[in-house]
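Report on one structure; see the data block that follows.
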Amino acid sequence: METHFQRIGGEDPIRGMVDRFYDLMDENPDFYGIRKLHGEDLTESRNKLFMFLSGWTGGPQLYMEKFGHPRLRQRHMPFTIGEAERDQWMTCMSRAMDDVGLDDKLREELKAAFWKTADFMRNQAN
Ligand code: HEM
């Protein structure tokens, strides 16, 4: 069976999706709530999310090879993440998936998977 990594089209489109995701977050004031949690320079964030998503979609485990197990929930603990932050993150990622032109079925599957992970990152009750 084909992995999500293969269906997206490999590393280049995943890179494109991550770049679009952070460009949207950086440019649109609607996403200031999560943009402000990040440092000024997003280069490292782009690299890490790209490496993570490569493995998360069933491709090469680039993040694990370089940094070890991501322990994502724990890594997000220093940031206040409630429903608003989760929803901003999901909106950026959904638009990024639209903009790189993933087909509808693949996009819906990924959206459902992203939502579960994003919801799991919540550490505030609101
Ligand atoms: C729910 C809303 C989320 C918010 C507000 C959020 C915010 C952040 C922030 C502020 C950082 C630290 C800055 C950085 O290193 O880039 C970070 C790191 C990271 N996030 Fe998120 N994030 C969210 C959800 C997610 C989801 C759903 C994923 C994966 C599908 C994810 C994957 C990562 C990765 C891989 C890192 C880098 C970890 C490291 O430092 O090695 N995040 N996130």
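In the structure tokens, each chain is lettered A, B, ... as it comes, each chain's residues begin at 1, and ligands are numbered from 1 in order of appearance.
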Where does chain A meet ligand 1 within 9 Å, residue by residue, with the nearest atom pair and distance in Å to one decimal for each, counting only C-alpha atoms and all ligand atoms, listed by chain and rising number, as a Markdown table?
```
| residue | atom | partner | partner_atom_place_in_ligand_line | distance |
| --- | --- | --- | --- | --- |
| A:Gly33 | CA | ligand 1 | 5 (C) | 8.0 |
| A:Ile34 | CA | ligand 1 | 5 (C) | 5.0 |
| A:Arg35 | CA | ligand 1 | 10 (C) | 7.5 |
| A:Lys36 | CA | ligand 1 | 10 (C) | 7.8 |
| A:Leu37 | CA | ligand 1 | 10 (C) | 4.4 |
| A:His38 | CA | ligand 1 | 10 (C) | 4.5 |
| A:Gly39 | CA | ligand 1 | 13 (C) | 6.7 |
| A:Leu42 | CA | ligand 1 | 16 (O) | 6.9 |
| A:Thr43 | CA | ligand 1 | 16 (O) | 8.5 |
| A:Glu44 | CA | ligand 1 | 16 (O) | 6.5 |
| A:Ser45 | CA | ligand 1 | 16 (O) | 3.5 |
| A:Arg46 | CA | ligand 1 | 16 (O) | 7.0 |
| A:Asn47 | CA | ligand 1 | 37 (C) | 8.5 |
| A:Lys48 | CA | ligand 1 | 37 (C) | 5.2 |
| A:Leu49 | CA | ligand 1 | 35 (C) | 4.4 |
| A:Phe50 | CA | ligand 1 | 35 (C) | 7.7 |
| A:Met51 | CA | ligand 1 | 35 (C) | 7.5 |
| A:Phe52 | CA | ligand 1 | 35 (C) | 5.0 |
| A:Leu53 | CA | ligand 1 | 30 (C) | 6.8 |
| A:Trp56 | CA | ligand 1 | 30 (C) | 7.6 |
| A:Tyr63 | CA | ligand 1 | 35 (C) | 7.8 |
| A:Phe67 | CA | ligand 1 | 41 (O) | 7.0 |
| A:Pro70 | CA | ligand 1 | 41 (O) | 6.3 |
| A:Arg71 | CA | ligand 1 | 38 (C) | 8.3 |
| A:Leu72 | CA | ligand 1 | 33 (C) | 6.5 |
| A:Arg73 | CA | ligand 1 | 42 (N) | 8.5 |
| A:Arg75 | CA | ligand 1 | 38 (C) | 6.2 |
| A:His76 | CA | ligand 1 | 43 (N) | 6.0 |
| A:Pro78 | CA | ligand 1 | 10 (C) | 8.3 |
| A:Phe79 | CA | ligand 1 | 10 (C) | 6.2 |
| A:Thr80 | CA | ligand 1 | 5 (C) | 7.4 |
| A:Ile81 | CA | ligand 1 | 5 (C) | 5.5 |
| A:Gly82 | CA | ligand 1 | 1 (C) | 7.6 |
| A:Glu83 | CA | ligand 1 | 1 (C) | 8.0 |
| A:Ala84 | CA | ligand 1 | 2 (C) | 8.5 |
| A:Glu85 | CA | ligand 1 | 5 (C) | 5.0 |
| A:Arg86 | CA | ligand 1 | 1 (C) | 3.8 |
| A:Asp87 | CA | ligand 1 | 1 (C) | 7.2 |
| A:Gln88 | CA | ligand 1 | 2 (C) | 7.2 |
| A:Trp89 | CA | ligand 1 | 2 (C) | 5.0 |
| A:Met90 | CA | ligand 1 | 2 (C) | 7.4 |
| A:Ala113 | CA | ligand 1 | 30 (C) | 8.3 |
| A:Phe114 | CA | ligand 1 | 27 (C) | 5.5 |
| A:Trp115 | CA | ligand 1 | 27 (C) | 6.8 |
| A:Lys116 | CA | ligand 1 | 27 (C) | 7.7 |
| A:Thr117 | CA | ligand 1 | 27 (C) | 4.7 |
| A:Ala118 | CA | ligand 1 | 27 (C) | 3.6 |
| A:Asp119 | CA | ligand 1 | 1 (C) | 6.1 |
| A:Phe120 | CA | ligand 1 | 1 (C) | 7.6 |
| A:Met121 | CA | ligand 1 | 1 (C) | 5.2 |
| A:Arg122 | CA | ligand 1 | 1 (C) | 6.2 |
```
Export N, CA and C atoms of the chosen residues as a compact mmCIF listing (two decimals), in the first residue's frame?
```
# COMPACT_ATOMS: atom_id res chain seq x y z
N GLY A 33 -1.59 34.76 16.86
CA GLY A 33 -1.65 34.01 18.12
C GLY A 33 -0.66 32.86 18.18
N ILE A 34 -0.41 32.20 17.06
CA ILE A 34 0.60 31.13 17.07
C ILE A 34 1.94 31.62 16.52
N ARG A 35 1.90 32.62 15.65
CA ARG A 35 3.18 33.15 15.13
C ARG A 35 4.05 33.68 16.26
N LYS A 36 3.39 34.33 17.23
CA LYS A 36 4.16 34.97 18.31
C LYS A 36 4.80 33.95 19.26
N LEU A 37 4.36 32.69 19.19
CA LEU A 37 4.98 31.65 20.03
C LEU A 37 6.34 31.23 19.48
N HIS A 38 6.56 31.55 18.18
CA HIS A 38 7.80 31.14 17.51
C HIS A 38 8.84 32.25 17.56
N GLY A 39 10.10 31.90 17.34
CA GLY A 39 11.15 32.90 17.26
C GLY A 39 11.02 33.73 16.00
N LEU A 42 12.23 31.76 11.23
CA LEU A 42 11.48 30.50 11.16
C LEU A 42 12.24 29.38 10.44
N THR A 43 13.51 29.64 10.09
CA THR A 43 14.27 28.64 9.31
C THR A 43 14.33 27.28 10.00
N GLU A 44 14.65 27.31 11.29
CA GLU A 44 14.79 26.07 12.04
C GLU A 44 13.43 25.37 12.19
N SER A 45 12.37 26.16 12.40
CA SER A 45 11.02 25.59 12.51
C SER A 45 10.66 24.90 11.20
N ARG A 46 10.97 25.54 10.08
CA ARG A 46 10.66 24.95 8.77
C ARG A 46 11.40 23.62 8.62
N ASN A 47 12.69 23.63 8.95
CA ASN A 47 13.48 22.40 8.79
C ASN A 47 12.95 21.27 9.67
N LYS A 48 12.65 21.62 10.91
CA LYS A 48 12.22 20.56 11.84
C LYS A 48 10.85 20.00 11.46
N LEU A 49 9.93 20.87 11.08
CA LEU A 49 8.60 20.36 10.70
C LEU A 49 8.70 19.51 9.43
N PHE A 50 9.52 19.96 8.48
CA PHE A 50 9.72 19.16 7.27
C PHE A 50 10.28 17.77 7.62
N MET A 51 11.33 17.75 8.43
CA MET A 51 11.95 16.46 8.77
C MET A 51 10.98 15.57 9.52
N PHE A 52 10.20 16.19 10.43
CA PHE A 52 9.22 15.42 11.18
C PHE A 52 8.15 14.84 10.26
N LEU A 53 7.61 15.67 9.37
CA LEU A 53 6.51 15.22 8.52
C LEU A 53 6.93 14.15 7.52
N TRP A 56 6.50 11.17 9.66
CA TRP A 56 5.09 11.07 10.11
C TRP A 56 4.18 10.58 8.99
N TYR A 63 13.73 13.29 11.10
CA TYR A 63 13.77 13.96 12.42
C TYR A 63 14.38 13.02 13.47
N PHE A 67 17.46 13.99 15.66
CA PHE A 67 17.17 14.52 17.01
C PHE A 67 16.65 13.47 17.99
N PRO A 70 10.67 12.49 18.92
CA PRO A 70 10.23 13.89 19.03
C PRO A 70 9.51 14.26 20.34
N ARG A 71 8.87 13.30 21.00
CA ARG A 71 8.13 13.61 22.23
C ARG A 71 7.39 14.94 22.08
N LEU A 72 6.55 14.99 21.06
CA LEU A 72 5.93 16.25 20.64
C LEU A 72 5.12 16.93 21.72
N ARG A 73 4.34 16.14 22.45
CA ARG A 73 3.46 16.79 23.44
C ARG A 73 4.31 17.50 24.49
N ARG A 75 7.36 18.60 24.13
CA ARG A 75 8.05 19.75 23.54
C ARG A 75 7.16 20.97 23.38
N HIS A 76 5.84 20.73 23.32
CA HIS A 76 4.92 21.86 23.17
C HIS A 76 4.44 22.43 24.50
N PRO A 78 5.92 24.16 26.84
CA PRO A 78 6.24 25.56 27.18
C PRO A 78 5.31 26.58 26.54
N PHE A 79 4.49 26.16 25.57
CA PHE A 79 3.62 27.12 24.87
C PHE A 79 2.17 26.87 25.28
N THR A 80 1.45 27.97 25.43
CA THR A 80 0.03 27.86 25.76
C THR A 80 -0.74 27.46 24.51
N ILE A 81 -1.27 26.26 24.51
CA ILE A 81 -2.02 25.77 23.35
C ILE A 81 -3.42 25.33 23.78
N GLY A 82 -4.41 26.12 23.37
CA GLY A 82 -5.81 25.80 23.61
C GLY A 82 -6.51 25.59 22.27
N GLU A 83 -7.84 25.68 22.29
CA GLU A 83 -8.58 25.46 21.04
C GLU A 83 -8.22 26.50 19.98
N ALA A 84 -8.05 27.76 20.39
CA ALA A 84 -7.76 28.82 19.41
C ALA A 84 -6.45 28.54 18.69
N GLU A 85 -5.43 28.15 19.45
CA GLU A 85 -4.12 27.88 18.84
C GLU A 85 -4.19 26.65 17.95
N ARG A 86 -4.88 25.61 18.43
CA ARG A 86 -5.05 24.40 17.60
C ARG A 86 -5.74 24.76 16.28
N ASP A 87 -6.80 25.56 16.37
CA ASP A 87 -7.56 25.88 15.17
C ASP A 87 -6.75 26.75 14.20
N GLN A 88 -5.95 27.67 14.74
CA GLN A 88 -5.10 28.48 13.85
C GLN A 88 -4.08 27.58 13.14
N TRP A 89 -3.50 26.66 13.89
CA TRP A 89 -2.52 25.74 13.29
C TRP A 89 -3.18 24.94 12.17
N MET A 90 -4.39 24.41 12.46
CA MET A 90 -5.11 23.60 11.46
C MET A 90 -5.48 24.42 10.24
N ALA A 113 -5.80 13.32 10.29
CA ALA A 113 -4.63 12.89 11.06
C ALA A 113 -3.97 14.09 11.76
N PHE A 114 -3.84 15.20 11.04
CA PHE A 114 -3.27 16.41 11.65
C PHE A 114 -4.11 16.88 12.83
N TRP A 115 -5.44 16.80 12.64
CA TRP A 115 -6.32 17.30 13.70
C TRP A 115 -6.08 16.53 14.99
N LYS A 116 -5.97 15.21 14.88
CA LYS A 116 -5.75 14.38 16.08
C LYS A 116 -4.46 14.80 16.79
N THR A 117 -3.41 15.00 15.99
CA THR A 117 -2.13 15.38 16.59
C THR A 117 -2.21 16.79 17.19
N ALA A 118 -2.84 17.71 16.46
CA ALA A 118 -2.94 19.09 16.96
C ALA A 118 -3.79 19.14 18.23
N ASP A 119 -4.86 18.36 18.27
CA ASP A 119 -5.72 18.35 19.46
C ASP A 119 -4.98 17.77 20.66
N PHE A 120 -4.13 16.79 20.38
CA PHE A 120 -3.33 16.15 21.43
C PHE A 120 -2.31 17.13 22.03
N MET A 121 -1.94 18.16 21.27
CA MET A 121 -0.96 19.16 21.73
C MET A 121 -1.58 20.14 22.71
N ARG A 122 -2.93 20.15 22.81
CA ARG A 122 -3.56 21.13 23.70
C ARG A 122 -3.14 20.89 25.14
```
task = Please provide the set of residues having any atom within 12 Å of Met17 in chain A, restricted to only C-alpha atoms, with same-chain residues fewer than 4 positions apart removed, written as a PyMOL selection string.
result = chain A and resi 8-13+21-24+46-47+49-50+53-54+92-102+107
query = Pick the closest to Gln6 in chain A from A:Met64, A:Leu106, A:Asp26, A:Asp41: which is it, counting only C-alpha atoms?
reply = A:Leu106
Can you check which residues of chain A DSSP gives as alpha helix (DSSP H) on the backbone and send them as an mmCIF file with C-alpha atoms, in the first residue's frame?
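Saved file result_36.cif follows:
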```cif
data_model
loop_
_atom_site.group_PDB
_atom_site.id
_atom_site.type_symbol
_atom_site.label_atom_id
_atom_site.label_comp_id
_atom_site.auth_asym_id
_atom_site.auth_seq_id
_atom_site.Cartn_x
_atom_site.Cartn_y
_atom_site.Cartn_z
ATOM 1 C CA HIS A 4 0.977 9.236 2.550
ATOM 2 C CA PHE A 5 4.574 10.245 1.829
ATOM 3 C CA GLN A 6 4.390 8.580 -1.597
ATOM 4 C CA ARG A 7 0.893 9.899 -2.323
ATOM 5 C CA ILE A 8 1.948 13.483 -1.528
ATOM 6 C CA GLU A 11 10.166 15.304 -0.118
ATOM 7 C CA ASP A 12 9.783 18.270 -2.463
ATOM 8 C CA PRO A 13 5.998 18.712 -2.102
ATOM 9 C CA ILE A 14 6.262 18.179 1.668
ATOM 10 C CA ARG A 15 8.900 20.907 1.777
ATOM 11 C CA GLY A 16 6.587 23.105 -0.291
ATOM 12 C CA MET A 17 3.692 22.460 2.080
ATOM 13 C CA VAL A 18 5.784 23.334 5.143
ATOM 14 C CA ASP A 19 7.082 26.516 3.521
ATOM 15 C CA ARG A 20 3.560 27.574 2.597
ATOM 16 C CA PHE A 21 2.377 26.766 6.140
ATOM 17 C CA TYR A 22 4.977 29.059 7.733
ATOM 18 C CA ASP A 23 4.575 31.775 5.079
ATOM 19 C CA LEU A 24 0.853 31.920 5.872
ATOM 20 C CA MET A 25 1.526 31.973 9.605
ATOM 21 C CA ASP A 26 4.076 34.723 9.128
ATOM 22 C CA GLU A 27 2.046 36.931 6.785
ATOM 23 C CA TYR A 32 -0.499 36.046 15.107
ATOM 24 C CA GLY A 33 -1.652 34.013 18.121
ATOM 25 C CA ILE A 34 0.597 31.127 17.072
ATOM 26 C CA ARG A 35 3.177 33.155 15.125
ATOM 27 C CA THR A 43 14.272 28.642 9.308
ATOM 28 C CA GLU A 44 14.791 26.066 12.045
ATOM 29 C CA SER A 45 11.018 25.591 12.506
ATOM 30 C CA ARG A 46 10.665 24.949 8.768
ATOM 31 C CA ASN A 47 13.476 22.398 8.793
ATOM 32 C CA LYS A 48 12.221 20.563 11.839
ATOM 33 C CA LEU A 49 8.598 20.363 10.705
ATOM 34 C CA PHE A 50 9.722 19.158 7.272
ATOM 35 C CA MET A 51 11.953 16.458 8.769
ATOM 36 C CA PHE A 52 9.222 15.421 11.182
ATOM 37 C CA LEU A 53 6.506 15.215 8.522
ATOM 38 C CA SER A 54 8.699 13.098 6.269
ATOM 39 C CA GLY A 55 8.632 10.337 8.894
ATOM 40 C CA TRP A 56 5.089 11.067 10.115
ATOM 41 C CA LEU A 62 14.742 12.337 9.115
ATOM 42 C CA TYR A 63 13.767 13.955 12.419
ATOM 43 C CA MET A 64 14.355 10.786 14.480
ATOM 44 C CA GLU A 65 17.735 10.193 12.844
ATOM 45 C CA LYS A 66 18.931 13.659 13.735
ATOM 46 C CA PHE A 67 17.171 14.519 17.009
ATOM 47 C CA LEU A 72 5.934 16.248 20.641
ATOM 48 C CA ARG A 73 3.459 16.792 23.439
ATOM 49 C CA GLN A 74 6.221 17.413 25.935
ATOM 50 C CA ARG A 75 8.046 19.747 23.535
ATOM 51 C CA HIS A 76 4.921 21.863 23.166
ATOM 52 C CA GLU A 83 -8.580 25.461 21.041
ATOM 53 C CA ALA A 84 -7.765 28.819 19.414
ATOM 54 C CA GLU A 85 -4.120 27.880 18.841
ATOM 55 C CA ARG A 86 -5.049 24.401 17.602
ATOM 56 C CA ASP A 87 -7.559 25.876 15.167
ATOM 57 C CA GLN A 88 -5.096 28.478 13.852
ATOM 58 C CA TRP A 89 -2.524 25.737 13.294
ATOM 59 C CA MET A 90 -5.106 23.597 11.463
ATOM 60 C CA THR A 91 -6.254 26.508 9.293
ATOM 61 C CA CYS A 92 -2.681 27.246 8.200
ATOM 62 C CA MET A 93 -2.017 23.597 7.419
ATOM 63 C CA SER A 94 -5.325 23.100 5.569
ATOM 64 C CA ARG A 95 -4.644 26.152 3.412
ATOM 65 C CA ALA A 96 -1.079 25.021 2.784
ATOM 66 C CA MET A 97 -2.415 21.645 1.599
ATOM 67 C CA ASP A 98 -4.889 23.414 -0.705
ATOM 68 C CA ASP A 99 -2.177 25.664 -2.086
ATOM 69 C CA ASP A 104 -9.276 16.034 -2.121
ATOM 70 C CA LYS A 105 -9.194 12.536 -0.690
ATOM 71 C CA LEU A 106 -5.562 12.756 0.385
ATOM 72 C CA ARG A 107 -6.153 16.185 1.882
ATOM 73 C CA GLU A 108 -9.122 14.980 3.921
ATOM 74 C CA GLU A 109 -7.163 12.002 5.250
ATOM 75 C CA LEU A 110 -4.214 14.172 6.224
ATOM 76 C CA LYS A 111 -6.483 16.790 7.749
ATOM 77 C CA ALA A 112 -8.062 14.170 10.024
ATOM 78 C CA ALA A 113 -4.633 12.893 11.060
ATOM 79 C CA PHE A 114 -3.265 16.411 11.647
ATOM 80 C CA TRP A 115 -6.319 17.300 13.703
ATOM 81 C CA LYS A 116 -5.745 14.383 16.076
ATOM 82 C CA THR A 117 -2.126 15.384 16.587
ATOM 83 C CA ALA A 118 -2.945 19.089 16.955
ATOM 84 C CA ASP A 119 -5.718 18.352 19.461
ATOM 85 C CA PHE A 120 -3.327 16.149 21.426
#
```
query = How many Å lie between CA of His69 in chain A and CA of Asn123 in chain A, rounded to one decimal?
reply =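 Taking CA of His69 in chain A and CA of Asn123 in chain A, their separation equals 20.0 Å.
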